[in-house]
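Contents: one structure, followed by commentary.
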Amino acid sequence: MTAHAAERADVLLVGNPNSGKSLLFSRLTGIAQKVANYPGVTTEVRSGHAGGLVIHDYPGIYSLEPLTLDERVAIERLEKALADPGTKAIVCVLDATRLERSLYLLLELLPRARAVHVPVIAAVNVIDELVGPSARLDLAGLSASVGCHFVGVSAKTGQGLEDLRAILHHLDREPPWDERCVVPGSIEDRKGLARRLTRAHGPRGDVLLRSQERFDRVFLSTALGLPLFIVVMAILFQAIFTWAAPLMALVKDGVAATGSFVGGLMPAGLVHDFIEDAVFAGIGAFLTFVPQIFILFLVIGALEDSGYLARAAVLLHRPLGWFGLSGRSFLPLLSGHACAIPAMMSARTIESPRRRLITVMVIPFTSCSARLPIYALLIGGFVPAVSLVKGLIGLQGVVFAGVYVFGIVNALLAAAGETIQHRRRLGGRLGDAPFVVELPPYRVPGVQPIVVAAASRSWSFVRRAAPVIFAVVVVVWALGYFPHGSGHLEQSWLAGLGHLLEPVFRPMGADWKSAVGIVSSFVAREVFVGTMGTLNGLEEAGEHLTQLSSALQLGGMGLASALALLVFYATSLQCASTLVVMRKETGSAKAPLFAFVSMTTIAYVGAVVTFHLARALGAT
Amino acid sequence: MRNLAQLPPGARARIDGFGTALRPEVGRRLRELGFVDGNVVRCVRRAPFGGPRVYAVSGAAFALEMNVAAHVLLGPADGDDGPRG
């Protein structure tokens with residue numbers, strides 16, 4: 001053992017999915033975490049400090065035998081860490097309400113840990129839920145039978161955490177385990193031992209299961225489950241659109257105000273323009289979305305911790321299965337309506353790698369909130385404001401809803417198409433995981449862990465997306481600024497590019513200004529409205545959509561061109577950050593490349609068809 | 001031989017091996033989750049649209065796709081393990 005290794009004291013945190021392991025981790029270490037990613041897989045190991053110890057949170061696993069590539073990477077990492085002399089202990093997190101199932105992993109882990117003399121501590125979590133006649137937990141009995149430390153904890157209430165810390169800080173590498181406790185080798189024998197231990201020392205699992213089944217009778221039923229699902233999804237939508245809106249406006253105005261303040265301190269010229277219009281616009285472009293993404297992660301976290309997410313996946317598995325997706329694909333597809341990046345990140349929970357890949361690739365079809373201002377401009381300015389059904393519904397509202405439905409339908413059809421492709425290429429379900437999903441107990445989620453998790457995930461979004469969005473805004477600014485400086489966009493390189501590409505976009509009814517808008521939004525579509533405003537001599541176009549749409553109409557844009565642009569923006573993948581994150585999430589450049597080329601082609605063809613169809617039907 | 005997909009909601013049965021068409025890794029994972037020979041499994045309920053069914057085994061509940069459940073074979077009669085339902 002080297003001196004360096006002896007100084008390090010690593011603790012490996014292992015446990016089943018849904019065991020409350022991550023919550024225990026943030027309880028022990030606080031918010032400062034380091035995340036290690038591994039190429040091509042969604043496996044993440046989080047590390048944080050606790051006293052003199054470094055705690056590593058491994059992904060939730062059911063056993064040490066992998067089923068998917070992600071699990072294999074997680075288990076290989078774990079085994080490597082186990083053999084490392086710096087590893088001081090393993091904390092195996094068990095769920096007190098699921099003792100029999102949780103004991104299996106512990107029994108599988110124990111012999112391997114003993115072989116390298118690493119002590120194992122079994123942290124029996126959620127002891128706060130053990131109330132009532134079925135609640136029995138004989139930790140001393142378990143400890144004597146298994147031959148390792150057992151400590152009861154509640155990551156939610158903080159109960160027992162001091163005991164766990166005390167044990168961790170007073171461990172020696174030579175473990176105090178009992179030679180008589182022999183762990184059997186076969187799955188069946190280990191399962192049998194887990195059952196006998198639970199019978200002798202644990203709570204009555206059946207009683208706990210029965211109480212969860214009473215809830216499932218409601219949430220998983222056809223008559224009540226589906227309406228409740230729609231209500232839950234309506235709340236999610238409400239949260240990401242209505243509740244987030246004031247926060248987003250606040251951030252946007254705050255960044256803009258800071259930008260003009262800082263810009264005001266500088267003399268007019270290139271540096272001033274660069275700071276105010278490129279740097280601060282770039283920061284604003286991604287910061288504006290952070291509140292919405294934070295709220296999205298907050299709601300997802302609450303749904304996850306309450307146990308509802310697994311039920312929703314069960315409800316939707318069959319209908320989504322018709323399109324080759326998993327029940328767990330619904331959440332990423334729904335999140336895509338806020339932003340594709342957190343949506344792709346939330347696709348990690350999909351059990352089947354093939355279905356996850358397909359989900360990630362079709363997410364950009366859903367109408368993200370960066371498209372919202374474009375929809376508002378085109379629909380508000382060009383679709384006639386007539387009311388249908390005796391003034392109850394407006395035509396504009398119908399078109400608006402139609403664009404969203406259009407996105408969802410596109411995503412589902414694309415998923416079905418890609419599934420057929422995959423089947424043809426791979427000829428079956430090679431290395432794929434079936435839909436076998438544990439239904440965790442229903443729980444009231446704790447506020448602090450959800451906020452911590454949402455903050456950590458939002459930070460992960462900022463880290464991944466911010467540099468790309470920022471760079472893109474700066475590049476578009478530079479192309480529009482040079483060679484003649486501010487106020488000469490019509491003579492800029494960007495305009496030159498627009499004139500050059502105008503023939504390409506003419507079949508969909510776009511003039512050179514729209515061509516510039518389209519080209520500049522290939523890196524980030526949120527710049528379209530601003531670019532169109534600048535090209536038409538309007539500052540702050542985002543605030544004055546009506547003025548901009550009148551300017552566009554005067555410039556010769558009609559309903560047919562507007563509808564074509566609407567179809568184009570609803571379909572094309574114009575977001576460099578999405579491509580970058582898709583590459584990271586799928587582990588290869590093939591998926592983003594294919595998604596980009598195919599979606600842009602479909603968008604172009606769709607826009608051309610829409611333009612000519614609208615013309616044929618009499619639109620101008 | 002009966003399989004798990006044929007077990008009606010509320011009924012219990014003992015597990016008696018897997019069909020040969022089931023991939024060995026998937027069979028292994030099911031055994032690790034508690035679907036081992038001789039264990040009593042209870043069908044809790046079905047999901048709408050003919051979706052996955054919920055099964056209780058080893059003190060936990062799992063939703064299984066029907067095309068997976070069809071590969072889990074069942075013994076002839078109810079088990080004597082645990083309370084009868």
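Lettering and numbering for the structure tokens are positional, with chains as A, B, ... in the shown order, residues counted from 1 in each chain, and ligands counted from 1 in the shown order.
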Fill in: Per-residue DSSP, chain B, filtered to strand (DSSP E or B), as JSON, numbers by chain
{"B": [3, 12, 13, 14, 15, 16, 17, 18, 40, 41, 42, 43, 44, 45, 46, 53, 54, 55, 56, 57, 60, 61, 62, 63, 64, 72, 73, 74]}
Using only C-alpha atoms, what table do you get, as a Markdown table, when you list each residue of chain B with an atom no more than 10 Å from chain A, its nearest pair of atoms, and their distance in Å rounded to one decimal, rows by chain then rising number?
| residue | atom | partner | partner_atom | distance |
| --- | --- | --- | --- | --- |
| B:Arg23 | CA | A:Gly431 | CA | 9.3 |
| B:Pro24 | CA | A:Leu67 | CA | 10.0 |
| B:Glu25 | CA | A:Leu67 | CA | 6.2 |
| B:Val26 | CA | A:Leu67 | CA | 7.1 |
| B:Arg28 | CA | A:Ile187 | CA | 8.4 |
| B:Arg29 | CA | A:Leu67 | CA | 7.4 |
| B:Leu30 | CA | A:Val436 | CA | 8.4 |
| B:Arg31 | CA | A:Ile187 | CA | 7.0 |
| B:Glu32 | CA | A:Ile187 | CA | 6.4 |
| B:Leu33 | CA | A:Arg101 | CA | 6.7 |
| B:Gly34 | CA | A:Lys191 | CA | 6.9 |
| B:Phe35 | CA | A:Glu188 | CA | 9.5 |
| B:Val36 | CA | A:Glu188 | CA | 6.3 |
| B:Asp37 | CA | A:Glu188 | CA | 7.7 |
| B:Gly38 | CA | A:Glu188 | CA | 9.4 |
| B:Asn39 | CA | A:Gly192 | CA | 9.2 |
| B:Val44 | CA | A:Glu213 | CA | 7.7 |
| B:Arg45 | CA | A:Arg217 | CA | 8.1 |
| B:Arg46 | CA | A:Leu220 | CA | 7.9 |
| B:Ala47 | CA | A:Leu220 | CA | 5.9 |
| B:Pro48 | CA | A:Thr222 | CA | 5.2 |
| B:Phe49 | CA | A:Arg318 | CA | 6.4 |
| B:Gly50 | CA | A:Arg318 | CA | 6.9 |
| B:Gly51 | CA | A:Arg318 | CA | 4.7 |
| B:Pro52 | CA | A:Val314 | CA | 6.3 |
| B:Arg53 | CA | A:Val314 | CA | 8.3 |
| B:Val54 | CA | A:Leu439 | CA | 8.3 |
| B:Tyr55 | CA | A:Glu438 | CA | 9.5 |
| B:Ala56 | CA | A:Leu209 | CA | 8.0 |
| B:Val57 | CA | A:Arg101 | CA | 9.1 |
| B:Ser58 | CA | A:Glu100 | CA | 6.2 |
| B:Gly59 | CA | A:Gly205 | CA | 4.9 |
| B:Ala60 | CA | A:Arg98 | CA | 6.2 |
| B:Ala61 | CA | A:Leu439 | CA | 5.4 |
| B:Phe62 | CA | A:Glu438 | CA | 4.3 |
| B:Ala63 | CA | A:Val437 | CA | 5.1 |
| B:Leu64 | CA | A:Val436 | CA | 4.7 |
| B:Glu65 | CA | A:Phe435 | CA | 5.5 |
| B:Met66 | CA | A:Phe435 | CA | 9.1 |
| B:Asn67 | CA | A:Pro434 | CA | 8.8 |
| B:Val68 | CA | A:Pro434 | CA | 7.1 |
| B:Ala69 | CA | A:Val436 | CA | 9.4 |
| B:Gly82 | CA | A:Asp206 | CA | 9.0 |
| B:Pro83 | CA | A:Asp206 | CA | 9.0 |
Just-selected residues, N, CA and C atoms written as a compact mmCIF listing (two decimals), in the first residue's frame:
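Done, and the output landed in again_16.txt:
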# COMPACT_ATOMS: atom_id res chain seq x y z
N ARG B 23 -34.04 -14.93 -22.93
CA ARG B 23 -32.59 -14.75 -22.91
C ARG B 23 -32.06 -15.03 -21.51
N PRO B 24 -30.94 -15.79 -21.40
CA PRO B 24 -30.44 -16.19 -20.08
C PRO B 24 -30.18 -15.00 -19.15
N GLU B 25 -29.67 -13.87 -19.70
CA GLU B 25 -29.39 -12.72 -18.82
C GLU B 25 -30.68 -12.18 -18.23
N VAL B 26 -31.75 -12.18 -19.03
CA VAL B 26 -33.02 -11.67 -18.53
C VAL B 26 -33.56 -12.61 -17.46
N ARG B 28 -31.82 -14.48 -15.54
CA ARG B 28 -30.99 -14.29 -14.36
C ARG B 28 -31.47 -13.09 -13.56
N ARG B 29 -31.73 -11.97 -14.29
CA ARG B 29 -32.19 -10.76 -13.59
C ARG B 29 -33.52 -11.02 -12.90
N LEU B 30 -34.42 -11.74 -13.56
CA LEU B 30 -35.72 -12.03 -12.93
C LEU B 30 -35.51 -12.86 -11.67
N ARG B 31 -34.57 -13.81 -11.72
CA ARG B 31 -34.31 -14.63 -10.53
C ARG B 31 -33.75 -13.75 -9.42
N GLU B 32 -32.86 -12.82 -9.77
CA GLU B 32 -32.29 -11.93 -8.76
C GLU B 32 -33.36 -11.05 -8.12
N LEU B 33 -34.39 -10.73 -8.88
CA LEU B 33 -35.46 -9.89 -8.34
C LEU B 33 -36.42 -10.71 -7.47
N GLY B 34 -36.34 -12.02 -7.53
CA GLY B 34 -37.19 -12.84 -6.69
C GLY B 34 -38.02 -13.88 -7.44
N PHE B 35 -37.94 -13.86 -8.76
CA PHE B 35 -38.71 -14.84 -9.54
C PHE B 35 -37.92 -16.16 -9.62
N VAL B 36 -37.63 -16.75 -8.44
CA VAL B 36 -36.87 -18.00 -8.42
C VAL B 36 -37.81 -19.19 -8.27
N ASP B 37 -37.37 -20.33 -8.71
CA ASP B 37 -38.17 -21.56 -8.62
C ASP B 37 -38.68 -21.77 -7.20
N GLY B 38 -39.94 -22.07 -7.08
CA GLY B 38 -40.52 -22.38 -5.78
C GLY B 38 -41.08 -21.16 -5.06
N ASN B 39 -40.65 -19.96 -5.45
CA ASN B 39 -41.20 -18.76 -4.82
C ASN B 39 -42.65 -18.54 -5.25
N VAL B 44 -50.98 -8.93 -9.05
CA VAL B 44 -51.65 -7.87 -8.29
C VAL B 44 -52.74 -7.23 -9.14
N ARG B 45 -52.38 -6.77 -10.33
CA ARG B 45 -53.38 -6.16 -11.19
C ARG B 45 -52.83 -5.98 -12.60
N ARG B 46 -53.76 -5.66 -13.51
CA ARG B 46 -53.32 -5.36 -14.85
C ARG B 46 -53.43 -3.86 -15.12
N ALA B 47 -52.62 -3.40 -16.07
CA ALA B 47 -52.66 -1.98 -16.44
C ALA B 47 -53.61 -1.82 -17.63
N PRO B 48 -54.10 -0.60 -17.88
CA PRO B 48 -54.99 -0.37 -19.03
C PRO B 48 -54.31 -0.70 -20.36
N PHE B 49 -55.09 -0.84 -21.40
CA PHE B 49 -54.65 -1.12 -22.78
C PHE B 49 -53.91 -2.45 -22.92
N GLY B 50 -54.14 -3.40 -22.01
CA GLY B 50 -53.39 -4.66 -22.10
C GLY B 50 -51.91 -4.45 -21.87
N GLY B 51 -51.56 -3.49 -21.03
CA GLY B 51 -50.16 -3.17 -20.76
C GLY B 51 -49.52 -4.14 -19.79
N PRO B 52 -48.42 -3.71 -19.15
CA PRO B 52 -47.73 -4.61 -18.22
C PRO B 52 -48.64 -4.99 -17.05
N ARG B 53 -48.34 -6.14 -16.44
CA ARG B 53 -49.08 -6.53 -15.23
C ARG B 53 -48.18 -6.40 -14.02
N VAL B 54 -48.81 -6.18 -12.88
CA VAL B 54 -48.05 -5.99 -11.65
C VAL B 54 -48.04 -7.30 -10.87
N TYR B 55 -46.86 -7.74 -10.45
CA TYR B 55 -46.71 -8.98 -9.70
C TYR B 55 -46.01 -8.69 -8.38
N ALA B 56 -46.46 -9.37 -7.33
CA ALA B 56 -45.79 -9.25 -6.03
C ALA B 56 -44.99 -10.52 -5.80
N VAL B 57 -43.71 -10.33 -5.50
CA VAL B 57 -42.84 -11.46 -5.22
C VAL B 57 -41.74 -10.98 -4.29
N SER B 58 -41.34 -11.83 -3.32
CA SER B 58 -40.26 -11.47 -2.38
C SER B 58 -40.48 -10.12 -1.70
N GLY B 59 -41.71 -9.80 -1.37
CA GLY B 59 -41.98 -8.56 -0.64
C GLY B 59 -41.80 -7.30 -1.45
N ALA B 60 -41.79 -7.40 -2.78
CA ALA B 60 -41.70 -6.20 -3.62
C ALA B 60 -42.66 -6.37 -4.79
N ALA B 61 -42.95 -5.26 -5.48
CA ALA B 61 -43.88 -5.32 -6.61
C ALA B 61 -43.16 -4.93 -7.89
N PHE B 62 -43.39 -5.70 -8.95
CA PHE B 62 -42.75 -5.42 -10.23
C PHE B 62 -43.79 -5.42 -11.34
N ALA B 63 -43.61 -4.50 -12.29
CA ALA B 63 -44.46 -4.51 -13.48
C ALA B 63 -43.67 -5.24 -14.58
N LEU B 64 -44.30 -6.23 -15.18
CA LEU B 64 -43.64 -7.01 -16.23
C LEU B 64 -44.44 -6.90 -17.52
N GLU B 65 -43.72 -6.64 -18.59
CA GLU B 65 -44.30 -6.68 -19.92
C GLU B 65 -44.87 -8.08 -20.16
N MET B 66 -45.97 -8.17 -20.86
CA MET B 66 -46.58 -9.48 -21.07
C MET B 66 -45.66 -10.46 -21.80
N ASN B 67 -44.87 -9.93 -22.76
CA ASN B 67 -44.01 -10.86 -23.50
C ASN B 67 -42.84 -11.36 -22.66
N VAL B 68 -42.61 -10.78 -21.49
CA VAL B 68 -41.63 -11.33 -20.56
C VAL B 68 -42.33 -12.32 -19.63
N ALA B 69 -43.50 -11.89 -19.11
CA ALA B 69 -44.24 -12.75 -18.18
C ALA B 69 -44.58 -14.09 -18.82
N GLY B 82 -46.44 -18.50 2.84
CA GLY B 82 -47.07 -17.22 3.11
C GLY B 82 -48.58 -17.35 3.10
N PRO B 83 -49.25 -16.27 3.42
CA PRO B 83 -50.72 -16.32 3.51
C PRO B 83 -51.37 -16.53 2.14
Worksheet item: Taking only C-alpha atoms into account, which of A:Arg463, A:Arg443, A:His169, A:His499 comes nearest Phe286 (chain A)?
Response: A:Arg463
Residues within 10 Å of Ala478 (chain A), please, as a compact mmCIF listing (two decimals) with N, CA and C atoms, in the first residue's frame. Count only C-alpha atoms; anything in the same chain fewer than 5 positions from it doesn't count.
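Listed below is the output, part-v5.txt:
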# COMPACT_ATOMS: atom_id res chain seq x y z
N PHE A 274 -19.68 44.67 -28.54
CA PHE A 274 -19.41 43.26 -28.27
C PHE A 274 -19.92 42.88 -26.88
N ASP A 277 -24.06 43.49 -26.83
CA ASP A 277 -24.90 42.73 -27.74
C ASP A 277 -24.47 41.28 -27.92
N ALA A 278 -23.21 40.97 -27.67
CA ALA A 278 -22.77 39.59 -27.85
C ALA A 278 -22.65 38.88 -26.52
N VAL A 472 -22.53 30.29 -29.91
CA VAL A 472 -23.37 30.46 -31.08
C VAL A 472 -23.86 31.90 -31.19
N VAL A 473 -24.31 32.46 -30.07
CA VAL A 473 -24.82 33.83 -30.10
C VAL A 473 -23.70 34.79 -30.50
N PRO A 483 -18.82 43.40 -41.96
CA PRO A 483 -17.63 44.25 -41.80
C PRO A 483 -17.95 45.71 -41.47
N GLY A 485 -20.00 47.10 -38.99
CA GLY A 485 -20.34 47.50 -37.63
C GLY A 485 -21.84 47.59 -37.40
N SER A 492 -24.06 43.10 -43.97
CA SER A 492 -23.13 42.25 -43.23
C SER A 492 -22.91 40.92 -43.94
N TRP A 493 -21.95 40.17 -43.39
CA TRP A 493 -21.67 38.83 -43.92
C TRP A 493 -22.91 37.92 -43.80
N LEU A 494 -23.64 38.13 -42.72
CA LEU A 494 -24.83 37.32 -42.51
C LEU A 494 -25.85 37.57 -43.62
Lys88 (chain A): which residues within 8 Å, counting only C-alpha atoms, same-chain residues fewer than 2 positions away excluded, as a PDB file with C-alpha atoms, in the first residue's frame?
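The result, written out as part.pdb:
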ATOM      1  CA  ALA A   9     -10.252   7.088   2.573  1.00  0.00           C
ATOM      2  CA  ASP A  10     -12.871   6.236  -0.014  1.00  0.00           C
ATOM      3  CA  VAL A  11     -16.311   4.960   0.898  1.00  0.00           C
ATOM      4  CA  PRO A  85      -6.260   0.068  -1.541  1.00  0.00           C
ATOM      5  CA  GLY A  86      -7.717   3.542  -0.880  1.00  0.00           C
ATOM      6  CA  ILE A  90     -18.663  -0.065   1.415  1.00  0.00           C
ATOM      7  CA  VAL A 118     -13.065  -4.221   2.862  1.00  0.00           C
ATOM      8  CA  PRO A 119     -15.689  -3.915   5.598  1.00  0.00           C
ATOM      9  CA  LEU A 171     -13.435   1.423  10.935  1.00  0.00           C
ATOM     10  CA  ASP A 172     -10.246  -0.468  10.440  1.00  0.00           C
ATOM     11  CA  ARG A 173      -9.428  -2.131   7.207  1.00  0.00           C
TER      12      ARG A 173
END
Worksheet item: If you count only C-alpha atoms, which residues fall within 6 Å of region 336-349 of chain A, apart from same-chain ones fewer than 5 positions away, as a PyMOL selection string?
Response: chain A and resi 360+363-364+366-369+578
Practice prompt. Can you pull out every residue within 12 Å of Thr620 (chain A), counting only C-alpha atoms, but drop anything in the same chain fewer than 6 positions away, and send it as a PyMOL selection string?
Written response: chain A and resi 382-383+509+553+556-564+611-614
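Every protein, DNA or RNA residue with an atom at most 12 Å from Val447 (chain A), where only C-alpha atoms count and chain neighbours fewer than 3 positions away do not, is listed here: Leu23, Lys156, Thr157, Leu298, Val299, Gly301, Ala302, Asp305, Ser306, Val444, Ile450, Val451, Val452, Ala453 and Ala454 of chain A.
Those residues of chain B that DSSP, working from the backbone, places in alpha helix (DSSP H) are Pro24, Glu25, Val26, Gly27, Arg28, Arg29, Leu30, Arg31, Glu32, Leu33, Met66, Asn67, Val68 and Ala69 of chain B.
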Fill in: Top pick for closest residue to Ser326 (chain A), considering A:Gln547, A:Ser260, A:Thr359, A:Ser521 and counting only C-alpha atoms
A:Thr359
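Closest approach to Ser145 (chain A) among A:Gly284, A:Asn125, A:Val183, A:Gly20: A:Val183, based on only C-alpha atoms.
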Discussion item. When you count only C-alpha atoms, which of these residues is closest to Ile15 (chain B): B:Met1, B:Ala70, B:Val40, B:Pro76?
Written reply: B:Val40
